[in-house]
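Student: This structure is in structure tokens; I'll ask about it shortly.
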Amino acid sequence: MQRVPVQSSALQSVGYNPDNKTLELEFRENGDVWQYFSFPASAYRRFMNAESLGRFFVKKIKGKYVEEQVRYA
């Protein structure tokens with residue numbers, strides 16, 4: 001998935017696929033990449049417009065969607 005760099009102390013980059021409603025986040029601290037499934041486009045727009053992406057993630061995303069770490073071969 002294509003991600004774009006973001007201004008965040010917690011996140012390095014963010015990607016979103018509206019066709020399958022998958023959010024992909026690359027974390028700054030360890031470089032881990034996680035996907036969050038069934039993530040609505042409206043929530044993605046709110047997330048990208050949030051004052052703090054890290055705070056939005058903790059309050060509105062983490063633990064609220066099925067998630068999976070992306071492993072690269």
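For the structure tokens, the naming scheme is as follows: chains receive sequential letters (A, B, ...) according to their order of presentation, residues are indexed from 1 within each chain, and ligands are indexed from 1 in presentation order.
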Show me, as a VMD selection string, the residues that have an atom within 12 Å of A:Met48 when counting only C-alpha atoms, minus same-chain residues fewer than 4 positions from it.
Tutor: chain A and resid 4 to 8 11 13 to 16 23 25 41 to 44 52 to 57
Student: Any idea what's packed within 12 Å of A:Gly31, counting only C-alpha atoms, ignoring anything in its chain fewer than 5 positions away? Could you give it as a list in words?
Tutor: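 Near neighbours after the sequence-gap exclusion: Ala10, Leu11, Gln12, Ser13, Leu25, Glu26, Gln69, Val70, Arg71 and Tyr72 of chain A.
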Student: Could you take the residues named above and write them with C-alpha atoms, as a short mmCIF file (atom, residue, chain, number, x, y, z; two decimals), in the first residue's frame?
Tutor:
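Contents of selection.cif, freshly written:
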```
data_model
loop_
_atom_site.label_atom_id
_atom_site.label_comp_id
_atom_site.auth_asym_id
_atom_site.auth_seq_id
_atom_site.Cartn_x
_atom_site.Cartn_y
_atom_site.Cartn_z
CA ALA A 10 4.20 9.02 16.75
CA LEU A 11 3.67 8.20 13.07
CA GLN A 12 6.06 8.24 10.12
CA SER A 13 3.53 7.61 7.33
CA LEU A 25 0.23 3.12 9.71
CA GLU A 26 4.02 3.20 9.98
CA GLN A 69 1.18 -6.22 11.79
CA VAL A 70 2.60 -6.17 8.26
CA ARG A 71 5.56 -8.50 7.91
CA TYR A 72 7.91 -8.04 4.98
#
```
Student: Taking only chain A into account, list the residues labelled alpha helix (DSSP H) by DSSP (computed from the backbone), as a ChimeraX atom specification.
Tutor: /A:41-48,53-56
Student: Grab the residues selected above and save them as a compact mmCIF listing (two decimals), in the first residue's frame with N, CA and C atoms.
Tutor:
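This went into again.txt:
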```txt
# COMPACT_ATOMS: atom_id res chain seq x y z
N ALA A 41 -14.08 5.47 5.40
CA ALA A 41 -13.47 6.64 4.77
C ALA A 41 -13.72 7.90 5.60
N SER A 42 -14.89 8.00 6.21
CA SER A 42 -15.20 9.18 7.03
C SER A 42 -14.26 9.25 8.23
N ALA A 43 -13.93 8.12 8.83
CA ALA A 43 -13.00 8.09 9.96
C ALA A 43 -11.60 8.45 9.49
N TYR A 44 -11.23 8.00 8.28
CA TYR A 44 -9.92 8.34 7.72
C TYR A 44 -9.81 9.85 7.53
N ARG A 45 -10.84 10.49 7.01
CA ARG A 45 -10.81 11.95 6.83
C ARG A 45 -10.68 12.66 8.17
N ARG A 46 -11.42 12.20 9.19
CA ARG A 46 -11.30 12.82 10.52
C ARG A 46 -9.90 12.63 11.08
N PHE A 47 -9.35 11.44 10.88
CA PHE A 47 -8.01 11.13 11.36
C PHE A 47 -6.97 12.06 10.73
N MET A 48 -7.02 12.19 9.42
CA MET A 48 -6.03 13.00 8.71
C MET A 48 -6.17 14.50 9.01
N LEU A 53 -2.33 13.33 15.29
CA LEU A 53 -2.58 11.99 14.75
C LEU A 53 -2.36 10.93 15.83
N GLY A 54 -1.33 11.11 16.65
CA GLY A 54 -1.03 10.15 17.70
C GLY A 54 -2.15 10.06 18.72
N ARG A 55 -2.68 11.20 19.12
CA ARG A 55 -3.77 11.22 20.10
C ARG A 55 -5.04 10.60 19.51
N PHE A 56 -5.33 10.92 18.24
CA PHE A 56 -6.49 10.33 17.56
C PHE A 56 -6.33 8.81 17.50
```
Student: Using only C-alpha atoms, determine which residues lie at most 10 Å from A:Lys64, disregarding the query and same-chain residues fewer than 5 positions distant; provide the list as a count of residues only.
Tutor: 6
Student: As number ranges by chain, please: every residue in stretch 18-72 of chain A that DSSP puts in strand (DSSP E).
Tutor: A: 22-27, 33-36, 67-69
Student: May I have the residues from that selection written out with C-alpha atoms, as a tab-separated table (two decimals), in the first residue's frame?
Tutor:
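selection20.tsv was written with the following content:
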```
chain	number	residue	atom	x	y	z
A	22	THR	CA	-7.83	-0.62	5.18
A	23	LEU	CA	-5.76	1.91	7.10
A	24	GLU	CA	-1.99	1.36	7.19
A	25	LEU	CA	0.23	3.12	9.71
A	26	GLU	CA	4.02	3.20	9.98
A	27	PHE	CA	5.16	4.03	13.48
A	33	VAL	CA	3.74	-1.15	10.05
A	34	TRP	CA	0.21	-2.10	11.08
A	35	GLN	CA	-3.03	-2.40	9.14
A	36	TYR	CA	-6.48	-1.66	10.55
A	67	GLU	CA	-5.46	-5.08	13.30
A	68	GLU	CA	-2.52	-6.97	11.89
A	69	GLN	CA	1.18	-6.22	11.79
```
Student: Which distance in Å separates atom CA of A:Asp32 and atom CA of A:Asn20, to one decimal?
Tutor: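 Taking atom CA of A:Asp32 and atom CA of A:Asn20, their separation equals 21.2 Å.
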Student: Which one is closest to A:Ser9: A:Lys60, A:Glu29, A:Pro40, A:Lys21? Count only C-alpha atoms.
Tutor: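 Closest residue, counting only C-alpha atoms: A:Glu29.
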Student: With only C-alpha atoms as the basis for distance, which of A:Ser38, A:Asn49, A:Asn30, A:Asn17 is at the shortest distance from A:Arg3?
Tutor: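 Result for the nearest residue to A:Arg3: A:Asn17.
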